[in-house]
>>> print(open('my_file_23.txt').read())   # compact mmCIF, C-alpha atoms
# COMPACT_ATOMS: atom_id res chain seq x y z
CA MET A 976 0.00 0.00 0.00
CA MET A 977 1.39 3.32 -1.11
CA MET A 978 0.67 6.93 -0.32
CA TYR A 979 1.58 9.85 -2.56
CA LEU A 980 2.24 13.28 -1.13
CA PRO A 981 3.83 16.54 -2.32
CA ARG A 982 7.39 17.24 -1.30
CA ASP A 983 9.42 20.25 -2.55
CA GLY A 984 7.27 20.75 -5.65
CA ARG A 985 7.30 17.05 -6.50
CA ILE A 986 5.08 14.08 -5.80
CA VAL A 987 6.80 11.27 -3.94
CA ALA A 988 5.60 7.79 -3.06
CA GLU A 989 5.98 6.32 0.39
CA ALA A 990 4.91 2.97 1.74
CA TRP A 991 2.19 3.04 4.36
CA THR A 992 2.26 0.53 7.18
CA PRO A 993 -0.93 -0.07 9.16
CA GLY A 994 -0.55 1.47 12.57
CA ASP A 995 1.26 4.51 11.24
CA ASP A 996 -0.56 7.81 10.86
CA ILE A 997 -1.53 9.01 7.40
CA PRO A 998 -0.15 12.54 6.87
CA SER A 999 -2.81 15.12 6.13
CA GLU A 1000 -0.96 16.25 2.99
CA VAL A 1001 -1.37 12.85 1.33
CA ILE A 1002 -3.21 13.33 -1.98
CA TRP A 1003 -3.56 9.67 -2.96
CA LEU A 1004 -3.69 6.58 -0.79
CA ASP A 1005 -3.60 3.39 -2.84
CA LEU A 1006 -4.81 0.35 -0.89
CA LEU A 1007 -3.69 -2.69 -2.87
CA GLU A 1008 -5.05 -6.03 -1.63
CA PRO A 1009 -5.68 -4.79 1.91
CA THR A 1010 -6.41 -7.33 4.63
CA HIS A 1011 -9.24 -6.82 7.11
CA GLU A 1012 -6.78 -5.52 9.69
CA GLU A 1013 -5.30 -3.08 7.18
CA GLU A 1014 -8.79 -1.87 6.23
CA MET A 1015 -9.61 -1.25 9.89
CA ALA A 1016 -6.36 0.68 10.38
CA ALA A 1017 -7.04 2.82 7.28
CA GLU A 1018 -10.59 3.53 8.46
CA ILE A 1019 -9.30 4.79 11.80
CA CYS A 1020 -6.74 7.06 10.13
CA LEU A 1021 -9.14 8.37 7.47
CA GLY A 1022 -12.24 8.56 9.64
CA MET A 1023 -14.43 6.72 7.12
CA GLU A 1024 -15.61 3.21 6.37
CA ILE A 1025 -13.86 1.48 3.48
CA PRO A 1026 -15.97 -0.93 1.40
CA THR A 1027 -15.06 -4.58 1.77
CA ARG A 1028 -14.34 -6.79 -1.20
CA GLU A 1029 -17.78 -8.37 -0.93
CA GLU A 1030 -19.43 -4.95 -0.95
CA MET A 1031 -17.38 -3.88 -3.96
CA ASP A 1032 -18.55 -6.91 -5.95
CA GLN A 1033 -22.23 -6.09 -5.45
CA ILE A 1034 -23.91 -4.82 -8.60
CA GLU A 1035 -26.60 -2.62 -7.05
CA VAL A 1036 -26.06 1.03 -7.97
CA SER A 1037 -26.81 2.11 -4.40
CA ASN A 1038 -23.89 0.00 -3.16
CA ARG A 1039 -21.52 1.24 -5.83
CA LEU A 1040 -22.29 4.96 -6.01
CA TYR A 1041 -23.06 6.86 -2.82
CA GLU A 1042 -21.97 9.76 -0.62
CA GLU A 1043 -21.07 9.45 3.03
CA ASN A 1044 -19.82 12.16 5.36
CA GLY A 1045 -18.87 14.41 2.45
CA ALA A 1046 -16.86 11.72 0.64
CA LEU A 1047 -17.87 10.18 -2.68
CA PHE A 1048 -17.69 6.40 -2.93
CA MET A 1049 -17.62 5.16 -6.52
CA THR A 1050 -17.01 1.57 -7.60
CA ALA A 1051 -16.37 0.60 -11.22
CA THR A 1052 -15.41 -2.57 -13.03
CA MET A 1053 -12.20 -2.69 -15.02
CA LEU A 1054 -10.67 -5.19 -17.43
CA THR A 1055 -7.39 -6.64 -16.15
CA LYS A 1056 -4.81 -9.28 -17.08
CA VAL A 1057 -5.16 -8.51 -20.79
CA ASP A 1058 -1.53 -9.30 -21.56
CA SER A 1059 -1.81 -12.70 -19.85
CA GLY A 1060 -4.28 -13.93 -22.46
CA VAL A 1061 -6.90 -14.63 -19.79
CA PRO A 1062 -8.57 -11.25 -19.17
CA GLU A 1063 -10.64 -10.75 -16.05
CA THR A 1064 -12.87 -8.02 -14.65
CA HIS A 1065 -12.38 -6.71 -11.13
CA ALA A 1066 -14.08 -4.03 -9.04
CA PHE A 1067 -12.17 -0.87 -8.10
CA THR A 1068 -13.41 1.64 -5.55
CA PHE A 1069 -12.57 5.34 -5.70
CA ILE A 1070 -13.13 7.43 -2.56
CA VAL A 1071 -12.94 11.15 -3.27
CA THR A 1072 -12.69 13.75 -0.54
CA GLU A 1073 -11.85 17.43 -0.82
CA ASN A 1074 -8.11 16.88 -0.45
CA GLN A 1075 -7.54 13.15 -1.01
CA LEU A 1076 -8.18 10.25 -3.30
CA VAL A 1077 -8.33 6.77 -1.81
CA THR A 1078 -8.39 3.74 -4.10
CA VAL A 1079 -9.22 0.22 -2.99
CA ARG A 1080 -8.31 -2.65 -5.31
CA TYR A 1081 -7.40 -6.30 -5.08
CA ILE A 1082 -5.30 -6.67 -8.20
CA ASP A 1083 -2.40 -4.75 -9.71
CA THR A 1084 -3.03 -3.14 -13.08
CA THR A 1085 -1.04 -1.36 -15.77
CA SER A 1086 -3.23 1.75 -15.56
CA PHE A 1087 -2.39 2.45 -11.93
CA GLY A 1088 1.33 1.88 -12.49
CA ARG A 1089 1.38 4.26 -15.45
CA PHE A 1090 -0.58 6.89 -13.54
CA ALA A 1091 1.75 6.68 -10.55
CA GLY A 1092 4.79 7.12 -12.79
CA GLN A 1093 3.23 10.03 -14.63
CA LEU A 1094 2.16 11.64 -11.35
CA MET A 1095 5.67 11.62 -9.93
CA LYS A 1096 7.21 12.71 -13.22
CA SER A 1097 4.78 15.54 -14.01
CA PRO A 1098 2.80 16.61 -10.92
CA PRO A 1099 -0.46 18.47 -11.61
CA ARG A 1100 -0.70 22.19 -10.93
CA LYS A 1101 -3.82 21.80 -8.81
CA ILE A 1102 -3.82 19.17 -6.11
CA GLY A 1103 -6.95 17.68 -4.58
CA GLY A 1104 -9.16 14.62 -4.46
CA ALA A 1105 -11.22 15.56 -7.52
CA THR A 1106 -8.12 16.37 -9.58
CA MET A 1107 -6.43 13.09 -8.69
CA PHE A 1108 -9.61 11.15 -9.43
CA LEU A 1109 -10.08 12.66 -12.89
CA LEU A 1110 -6.44 12.19 -13.82
CA LEU A 1111 -6.58 8.55 -12.75
CA ILE A 1112 -9.80 7.97 -14.71
CA GLU A 1113 -8.15 9.48 -17.79
CA ALA A 1114 -5.24 7.06 -17.41
CA ILE A 1115 -7.66 4.13 -17.10
CA ILE A 1116 -9.68 5.19 -20.14
CA ASN A 1117 -6.50 5.64 -22.16
CA ARG A 1118 -5.49 2.09 -21.23
CA GLN A 1119 -8.90 0.79 -22.34
CA ALA A 1120 -8.42 2.66 -25.63
CA ASP A 1121 -5.01 1.02 -26.11
CA ILE A 1122 -6.60 -2.40 -25.56
CA LEU A 1123 -9.32 -1.71 -28.11
CA GLU A 1124 -6.78 -0.47 -30.66
CA ARG A 1125 -4.68 -3.60 -30.21
CA MET A 1126 -7.74 -5.79 -30.58
CA ASP A 1127 -8.69 -3.88 -33.71
CA ARG A 1128 -5.31 -4.71 -35.26
CA GLU A 1129 -5.60 -8.34 -34.23
CA VAL A 1130 -9.09 -8.57 -35.74
CA ASP A 1131 -7.61 -7.20 -38.99
CA THR A 1132 -5.03 -10.00 -38.89
CA VAL A 1133 -7.73 -12.63 -38.37
CA THR A 1134 -9.75 -11.13 -41.23
CA ARG A 1135 -6.79 -11.41 -43.62
CA ASP A 1136 -6.25 -14.98 -42.45
CA ILE A 1137 -9.85 -15.96 -43.16
CA PHE A 1138 -10.06 -14.02 -46.44
CA PRO A 1139 -6.56 -14.08 -47.98
CA LEU A 1140 -6.13 -11.65 -50.89
CA GLY A 1141 -3.73 -11.78 -53.81
CA GLU A 1142 -2.80 -15.42 -53.29
CA PRO A 1143 -3.25 -17.89 -56.18
CA LYS A 1144 -5.59 -20.70 -55.36
CA VAL A 1145 -3.71 -23.91 -56.10
CA GLY A 1146 -6.02 -26.84 -55.57
CA ARG A 1147 -8.28 -27.39 -52.64
CA THR A 1148 -6.71 -27.43 -49.21
CA THR A 1149 -8.26 -28.18 -45.88
CA ARG A 1150 -7.63 -25.55 -43.22
CA ASN A 1151 -7.90 -25.94 -39.48
CA PHE A 1152 -10.24 -23.21 -38.28
CA GLN A 1153 -10.32 -24.32 -34.65
CA PRO A 1154 -7.58 -21.86 -33.53
CA VAL A 1155 -9.38 -19.07 -35.36
CA LEU A 1156 -12.68 -19.92 -33.65
CA GLU A 1157 -10.96 -20.04 -30.27
CA TYR A 1158 -9.35 -16.65 -30.85
CA ILE A 1159 -12.64 -15.13 -32.04
CA GLY A 1160 -14.27 -16.43 -28.87
CA ARG A 1161 -11.59 -14.84 -26.70
CA CYS A 1162 -11.93 -11.54 -28.57
CA GLY A 1163 -15.69 -11.56 -28.13
CA ASP A 1164 -15.30 -12.22 -24.41
CA SER A 1165 -12.77 -9.40 -24.01
CA ILE A 1166 -14.94 -6.93 -25.91
CA ALA A 1167 -17.95 -7.84 -23.76
CA LYS A 1168 -15.88 -7.23 -20.62
CA ILE A 1169 -14.59 -3.90 -21.95
CA HIS A 1170 -18.17 -2.86 -22.67
CA GLU A 1171 -19.16 -3.79 -19.13
CA SER A 1172 -16.25 -1.76 -17.78
CA LEU A 1173 -17.10 1.30 -19.87
CA VAL A 1174 -20.74 1.18 -18.75
CA THR A 1175 -19.71 1.25 -15.09
CA PHE A 1176 -17.26 4.13 -15.68
CA SER A 1177 -19.95 6.04 -17.54
CA ARG A 1178 -22.22 5.74 -14.50
CA VAL A 1179 -19.37 6.85 -12.25
CA MET A 1180 -18.74 9.98 -14.32
CA VAL A 1181 -22.44 10.89 -14.38
CA PHE A 1182 -22.62 10.45 -10.61
CA ALA A 1183 -19.49 12.55 -10.05
CA GLY A 1184 -20.76 15.28 -12.36
CA HIS A 1185 -23.79 15.85 -10.11
CA HIS A 1186 -21.67 16.45 -7.01
CA ALA A 1187 -20.51 19.82 -5.77
CA SER A 1188 -16.89 18.65 -5.60
CA PHE A 1189 -16.77 18.69 -9.42
CA ALA A 1190 -18.69 21.94 -9.90
CA ALA A 1191 -15.65 23.97 -10.96
CA VAL A 1192 -15.44 24.94 -14.62
CA GLU A 1193 -12.22 23.02 -15.27
CA TYR A 1194 -13.75 19.91 -13.74
CA GLU A 1195 -16.87 20.24 -15.88
CA LEU A 1196 -14.76 20.42 -19.04
CA GLN A 1197 -12.68 17.43 -17.92
CA LEU A 1198 -15.78 15.43 -17.04
CA LYS A 1199 -17.30 16.24 -20.43
CA SER A 1200 -14.12 15.19 -22.21
CA ILE A 1201 -13.95 11.88 -20.30
CA ARG A 1202 -17.63 11.13 -20.95
CA HIS A 1203 -17.05 11.86 -24.64
CA ASP A 1204 -14.07 9.48 -24.69
CA ILE A 1205 -16.10 6.76 -22.96
CA ALA A 1206 -18.93 7.17 -25.46
CA GLY A 1207 -16.47 6.97 -28.36
CA LEU A 1208 -14.85 3.84 -26.95
CA SER A 1209 -18.28 2.26 -26.44
CA ASP A 1210 -19.16 2.91 -30.08
CA HIS A 1211 -15.82 1.49 -31.18
CA GLY A 1212 -16.39 -1.55 -28.97
CA ASN A 1213 -19.81 -2.09 -30.55
CA HIS A 1214 -18.19 -1.86 -33.98
CA LEU A 1215 -15.59 -4.45 -32.96
CA ALA A 1216 -18.32 -6.70 -31.56
CA ALA A 1217 -20.14 -6.52 -34.92
CA ARG A 1218 -16.90 -7.41 -36.74
CA ILE A 1219 -16.32 -10.34 -34.38
CA ASN A 1220 -19.83 -11.64 -35.04
CA PHE A 1221 -19.22 -11.32 -38.78
CA LEU A 1222 -15.92 -13.19 -38.52
CA LEU A 1223 -17.60 -15.89 -36.46
CA ASP A 1224 -20.30 -16.36 -39.11
CA ALA A 1225 -17.68 -16.28 -41.87
CA THR A 1226 -15.51 -18.87 -40.14
CA LEU A 1227 -18.46 -21.18 -39.57
CA GLY A 1228 -19.34 -20.69 -43.23
CA MET A 1229 -15.80 -21.69 -44.25
CA VAL A 1230 -16.05 -24.79 -42.08
CA SER A 1231 -19.37 -25.63 -43.71
CA ILE A 1232 -17.84 -25.20 -47.19
CA GLN A 1233 -14.98 -27.54 -46.29
CA GLN A 1234 -17.45 -30.12 -45.00
CA ASN A 1235 -19.46 -29.79 -48.20
CA ASP A 1236 -16.28 -30.35 -50.22
CA VAL A 1237 -15.56 -33.50 -48.27
CA PHE A 1238 -19.08 -34.80 -48.72
CA ARG A 1239 -18.97 -33.95 -52.42
CA VAL A 1240 -15.78 -35.97 -52.85
CA LEU A 1241 -17.37 -38.88 -51.01
CA SER A 1242 -20.51 -38.60 -53.14
CA ILE A 1243 -18.48 -38.58 -56.36
CA ALA A 1244 -16.48 -41.58 -55.16
CA SER A 1245 -19.71 -43.40 -54.41
CA LEU A 1246 -21.10 -42.45 -57.82
CA VAL A 1247 -17.95 -43.66 -59.58
CA PHE A 1248 -17.65 -47.00 -57.83
CA LEU A 1249 -21.30 -47.90 -57.47
CA PRO A 1250 -22.04 -48.81 -61.15
CA PRO A 1251 -18.91 -51.00 -61.51
CA THR A 1252 -19.85 -52.67 -58.25
CA LEU A 1253 -23.29 -53.34 -59.69
CA VAL A 1254 -21.80 -54.91 -62.82
CA ALA A 1255 -19.37 -56.97 -60.78
CA GLY A 1256 -22.19 -58.03 -58.51
CA VAL A 1257 -24.36 -59.16 -61.38
CA TYR A 1258 -21.62 -61.26 -62.97
CA GLY A 1259 -20.45 -62.50 -59.63
CA MET A 1260 -23.69 -64.40 -59.08
CA ASN A 1261 -23.15 -68.14 -59.41
CA PHE A 1262 -26.37 -69.14 -61.15
CA LYS A 1263 -26.19 -72.19 -63.38
CA LEU A 1264 -28.09 -70.64 -66.30
CA MET A 1265 -26.07 -67.49 -67.07
CA PRO A 1266 -25.23 -67.30 -70.82
CA GLU A 1267 -22.35 -64.87 -70.23
CA LEU A 1268 -20.43 -67.45 -68.20
CA ASP A 1269 -19.81 -69.49 -71.38
CA TRP A 1270 -18.75 -66.53 -73.55
CA GLN A 1271 -15.18 -66.43 -74.67
CA TRP A 1272 -15.10 -62.62 -74.32
CA GLY A 1273 -17.32 -62.50 -71.24
CA TYR A 1274 -14.55 -61.48 -68.83
CA PRO A 1275 -13.17 -58.61 -71.02
CA VAL A 1276 -16.73 -57.40 -71.71
CA ALA A 1277 -17.48 -57.32 -67.99
CA LEU A 1278 -14.28 -55.34 -67.32
CA PHE A 1279 -15.18 -52.92 -70.11
CA LEU A 1280 -18.67 -52.45 -68.69
CA MET A 1281 -17.24 -51.70 -65.25
CA LEU A 1282 -14.73 -49.21 -66.69
CA PHE A 1283 -17.40 -47.53 -68.80
CA ALA A 1284 -19.75 -47.36 -65.82
CA ALA A 1285 -17.01 -45.53 -63.88
CA ILE A 1286 -15.91 -43.13 -66.65
CA PHE A 1287 -19.34 -42.14 -67.93
CA PRO A 1288 -20.51 -40.40 -64.67
CA LEU A 1289 -17.20 -38.53 -64.42
CA ALA A 1290 -17.45 -37.35 -68.03
CA TYR A 1291 -21.04 -36.27 -67.50
CA LEU A 1292 -20.19 -34.32 -64.35
CA ARG A 1293 -17.27 -32.57 -66.07
CA LYS A 1294 -19.45 -31.65 -69.04
CA ARG A 1295 -21.98 -30.06 -66.70
CA LYS A 1296 -19.04 -28.33 -64.91
CA TRP A 1297 -19.95 -29.83 -61.58
CA LEU A 1298 -16.34 -30.89 -61.06
>>> encode(input="my_file_23.txt", output="structure tokens")
Amino acid sequence: MMMYLPRDGRIVAEAWTPGDDIPSEVIWLDLLEPTHEEEMAAEICLGMEIPTREEMDQIEVSNRLYEENGALFMTATMLTKVDSGVPETHAFTFIVTENQLVTVRYIDTTSFGRFAGQLMKSPPRKIGGATMFLLLIEAIINRQADILERMDREVDTVTRDIFPLGEPKVGRTTRNFQPVLEYIGRCGDSIAKIHESLVTFSRVMVFAGHHASFAAVEYELQLKSIRHDIAGLSDHGNHLAARINFLLDATLGMVSIQQNDVFRVLSIASLVFLPPTLVAGVYGMNFKLMPELDWQWGYPVALFLMLFAAIFPLAYLRKRKWL
């Protein structure tokens, strides 16, 4: 758990140990995976109740967005572990007071690390809970935008893989679309989770905009800009979701075409070998009164009939351009 406070015109980070006092000049207290004892210690120092993990996971708006003793409690869902290939969504709580921002989270994320580095490198001119909150939200939204942009490029790659252009088609080849279907499924799941995250952040920004802490003109402009970015990302996410659904339908269509090709080959093979089998079956019957059994040319004639019965369907299919 880290606390960030101004020192000599800079923002420095210091570790906070439960039991120690929290300096009044702290502008951001980041509670990462706090235990129950650490939560109790932070509550005593801050003079407010900190939501538990169970309370953060509740989906009721009244449990996620509320005001208590002049502090705003806002909980949003954010996509995490994107780079691991197994993305997850986790709840993050933002507690905004006049002078401080307190964040409660149970997983480390890239957004918070980037924001902390940027904060210490380029401290804001105005310091306060609302300022820190808006700057952190901007960092989170920028990270969500980066994820969507990367997914957009990856969807382009999958599209070129499904619909290759400029490549000569040499014969029929069977492709394994299972990895493509698995990747499309993962993309669809990630986009759905990003959409869920953006919806919760949109509610958070609307709730914050109605509070007196964000009534200043600069805050109104920043809130408007963030809401505009969230709306744009939501539209882009919907566009990506539509593309994913199209790629899913296209991939299933390709699989169906390959199956049809296989069944067509089997049907042609059956058509080619069935008439010769019929001829062979007829002359393979051991009846006593079969005139062809005494023919001198009976065996060559039977072979010719079987060969003709195999070639004639192929020639007919080629003439009709079915092959």
>>> closest_residue(input="my_file_23.txt", among="A:Asp1269, A:Ala1183, A:Gly1160, A:Phe1283", to="A:Asp1224", atoms="all atoms listed in the file")
A:Gly1160
>>> closest_residue(input="my_file_23.txt", among="A:Phe1189, A:Trp1003, A:Phe1287, A:Phe1182", to="A:Pro1250", atoms="all atoms listed in the file")
A:Phe1287
>>> closest_residue(input="my_file_23.txt", among="A:His1065, A:Arg1293, A:Arg1161, A:His1185", to="A:Met1126", atoms="all atoms listed in the file")
A:Arg1161
>>> residues_around(input="my_file_23.txt", residues="A:Leu1076", least_positions_apart="4", cutoff="9 Å", atoms="all atoms listed in the file", output="list of chain:residue names")
A:Val1001, A:Ile1002, A:Trp1003, A:Leu1004, A:Asp1005, A:Phe1069, A:Ile1070, A:Val1071, A:Thr1072, A:Gly1103, A:Gly1104, A:Ala1105, A:Thr1106, A:Met1107, A:Phe1108
>>> residues_around(input="my_file_23.txt", residues="stretch 1036-1045 of chain A", least_positions_apart="4", cutoff="10 Å", atoms="all atoms listed in the file", output="PDB file with C-alpha atoms, keeping the file's coordinate frame")
ATOM      1  CA  GLY A1022     -12.240   8.560   9.640  1.00  0.00           C
ATOM      2  CA  MET A1023     -14.430   6.720   7.120  1.00  0.00           C
ATOM      3  CA  GLU A1024     -15.610   3.210   6.370  1.00  0.00           C
ATOM      4  CA  PRO A1026     -15.970  -0.930   1.400  1.00  0.00           C
ATOM      5  CA  GLU A1030     -19.430  -4.950  -0.950  1.00  0.00           C
ATOM      6  CA  MET A1031     -17.380  -3.880  -3.960  1.00  0.00           C
ATOM      7  CA  ASP A1032     -18.550  -6.910  -5.950  1.00  0.00           C
ATOM      8  CA  MET A1049     -17.620   5.160  -6.520  1.00  0.00           C
ATOM      9  CA  THR A1050     -17.010   1.570  -7.600  1.00  0.00           C
ATOM     10  CA  ALA A1051     -16.370   0.600 -11.220  1.00  0.00           C
ATOM     11  CA  ALA A1066     -14.080  -4.030  -9.040  1.00  0.00           C
ATOM     12  CA  PHE A1067     -12.170  -0.870  -8.100  1.00  0.00           C
ATOM     13  CA  THR A1068     -13.410   1.640  -5.550  1.00  0.00           C
ATOM     14  CA  PHE A1069     -12.570   5.340  -5.700  1.00  0.00           C
ATOM     15  CA  ILE A1070     -13.130   7.430  -2.560  1.00  0.00           C
ATOM     16  CA  VAL A1071     -12.940  11.150  -3.270  1.00  0.00           C
ATOM     17  CA  THR A1072     -12.690  13.750  -0.540  1.00  0.00           C
ATOM     18  CA  GLU A1073     -11.850  17.430  -0.820  1.00  0.00           C
ATOM     19  CA  THR A1175     -19.710   1.250 -15.090  1.00  0.00           C
ATOM     20  CA  ARG A1178     -22.220   5.740 -14.500  1.00  0.00           C
ATOM     21  CA  VAL A1179     -19.370   6.850 -12.250  1.00  0.00           C
ATOM     22  CA  PHE A1182     -22.620  10.450 -10.610  1.00  0.00           C
ATOM     23  CA  ALA A1183     -19.490  12.550 -10.050  1.00  0.00           C
ATOM     24  CA  HIS A1186     -21.670  16.450  -7.010  1.00  0.00           C
ATOM     25  CA  ALA A1187     -20.510  19.820  -5.770  1.00  0.00           C
ATOM     26  CA  SER A1188     -16.890  18.650  -5.600  1.00  0.00           C
TER      27      SER A1188
END
>>> atom_distance(input="my_file_23.txt", atom1="atom CA of A:Leu1110", atom2="atom CA of A:Gln1093")
9.9 Å
>>> closest_residue(input="my_file_23.txt", among="A:Leu1282, A:Met1180, A:Ala1217, A:Leu1223", to="A:Glu1113", atoms="only C-alpha atoms")
A:Met1180
>>> closest_residue(input="my_file_23.txt", among="A:Leu1006, A:Met976, A:Cys1162, A:Val987", to="A:Pro1062", atoms="only C-alpha atoms")
A:Cys1162
>>> residues_around(input="my_file_23.txt", residues="A:Ala1277", least_positions_apart="5", cutoff="12 Å", atoms="all atoms listed in the file", output="VMD selection string")
chain A and resid 1250 to 1259 1267 to 1268 1270 to 1272 1282 to 1284
>>> decode(input="my_file_23.txt", residues="stretch 1224-1232 of chain A", atoms="all heavy atoms", output="PDB file, in the first residue's frame")
ATOM      1  N   ASP A1224     -19.434 -15.799 -38.070  1.00  0.00           N
ATOM      2  CA  ASP A1224     -20.303 -16.357 -39.107  1.00  0.00           C
ATOM      3  C   ASP A1224     -19.496 -16.781 -40.330  1.00  0.00           C
ATOM      4  O   ASP A1224     -19.763 -17.836 -40.932  1.00  0.00           O
ATOM      5  CB  ASP A1224     -21.365 -15.329 -39.514  1.00  0.00           C
ATOM      6  CG  ASP A1224     -22.340 -15.021 -38.394  1.00  0.00           C
ATOM      7  OD1 ASP A1224     -22.464 -15.864 -37.474  1.00  0.00           O
ATOM      8  OD2 ASP A1224     -22.969 -13.947 -38.420  1.00  0.00           O
ATOM      9  N   ALA A1225     -18.497 -15.947 -40.692  1.00  0.00           N
ATOM     10  CA  ALA A1225     -17.684 -16.279 -41.867  1.00  0.00           C
ATOM     11  C   ALA A1225     -16.869 -17.547 -41.627  1.00  0.00           C
ATOM     12  O   ALA A1225     -16.758 -18.403 -42.521  1.00  0.00           O
ATOM     13  CB  ALA A1225     -16.757 -15.113 -42.210  1.00  0.00           C
ATOM     14  N   THR A1226     -16.308 -17.683 -40.446  1.00  0.00           N
ATOM     15  CA  THR A1226     -15.510 -18.872 -40.140  1.00  0.00           C
ATOM     16  C   THR A1226     -16.373 -20.122 -40.143  1.00  0.00           C
ATOM     17  O   THR A1226     -15.979 -21.165 -40.694  1.00  0.00           O
ATOM     18  CB  THR A1226     -14.819 -18.713 -38.777  1.00  0.00           C
ATOM     19  OG1 THR A1226     -14.045 -17.514 -38.780  1.00  0.00           O
ATOM     20  CG2 THR A1226     -13.912 -19.889 -38.492  1.00  0.00           C
ATOM     21  N   LEU A1227     -17.550 -20.022 -39.544  1.00  0.00           N
ATOM     22  CA  LEU A1227     -18.463 -21.175 -39.568  1.00  0.00           C
ATOM     23  C   LEU A1227     -18.883 -21.500 -41.002  1.00  0.00           C
ATOM     24  O   LEU A1227     -19.058 -22.670 -41.351  1.00  0.00           O
ATOM     25  CB  LEU A1227     -19.684 -20.885 -38.703  1.00  0.00           C
ATOM     26  CG  LEU A1227     -19.419 -20.745 -37.191  1.00  0.00           C
ATOM     27  CD1 LEU A1227     -20.704 -20.384 -36.464  1.00  0.00           C
ATOM     28  CD2 LEU A1227     -18.841 -22.042 -36.636  1.00  0.00           C
ATOM     29  N   GLY A1228     -19.028 -20.445 -41.822  1.00  0.00           N
ATOM     30  CA  GLY A1228     -19.340 -20.693 -43.230  1.00  0.00           C
ATOM     31  C   GLY A1228     -18.206 -21.400 -43.952  1.00  0.00           C
ATOM     32  O   GLY A1228     -18.443 -22.303 -44.770  1.00  0.00           O
ATOM     33  N   MET A1229     -16.952 -21.014 -43.658  1.00  0.00           N
ATOM     34  CA  MET A1229     -15.799 -21.694 -44.251  1.00  0.00           C
ATOM     35  C   MET A1229     -15.742 -23.159 -43.825  1.00  0.00           C
ATOM     36  O   MET A1229     -15.443 -24.046 -44.634  1.00  0.00           O
ATOM     37  CB  MET A1229     -14.505 -20.986 -43.835  1.00  0.00           C
ATOM     38  CG  MET A1229     -14.342 -19.604 -44.409  1.00  0.00           C
ATOM     39  SD  MET A1229     -14.105 -19.643 -46.202  1.00  0.00           S
ATOM     40  CE  MET A1229     -13.772 -17.906 -46.521  1.00  0.00           C
ATOM     41  N   VAL A1230     -16.021 -23.403 -42.554  1.00  0.00           N
ATOM     42  CA  VAL A1230     -16.047 -24.786 -42.075  1.00  0.00           C
ATOM     43  C   VAL A1230     -17.125 -25.583 -42.800  1.00  0.00           C
ATOM     44  O   VAL A1230     -16.916 -26.735 -43.208  1.00  0.00           O
ATOM     45  CB  VAL A1230     -16.277 -24.813 -40.550  1.00  0.00           C
ATOM     46  CG1 VAL A1230     -16.489 -26.240 -40.061  1.00  0.00           C
ATOM     47  CG2 VAL A1230     -15.097 -24.178 -39.821  1.00  0.00           C
ATOM     48  N   SER A1231     -18.283 -24.955 -43.001  1.00  0.00           N
ATOM     49  CA  SER A1231     -19.371 -25.627 -43.713  1.00  0.00           C
ATOM     50  C   SER A1231     -18.984 -25.926 -45.164  1.00  0.00           C
ATOM     51  O   SER A1231     -19.291 -26.998 -45.695  1.00  0.00           O
ATOM     52  CB  SER A1231     -20.627 -24.759 -43.669  1.00  0.00           C
ATOM     53  OG  SER A1231     -21.687 -25.361 -44.374  1.00  0.00           O
ATOM     54  N   ILE A1232     -18.283 -24.981 -45.808  1.00  0.00           N
ATOM     55  CA  ILE A1232     -17.837 -25.200 -47.192  1.00  0.00           C
ATOM     56  C   ILE A1232     -16.869 -26.374 -47.266  1.00  0.00           C
ATOM     57  O   ILE A1232     -16.941 -27.215 -48.170  1.00  0.00           O
ATOM     58  CB  ILE A1232     -17.203 -23.913 -47.746  1.00  0.00           C
ATOM     59  CG1 ILE A1232     -18.269 -22.839 -47.951  1.00  0.00           C
ATOM     60  CG2 ILE A1232     -16.465 -24.192 -49.050  1.00  0.00           C
ATOM     61  CD1 ILE A1232     -17.719 -21.498 -48.364  1.00  0.00           C
TER      62      ILE A1232
END
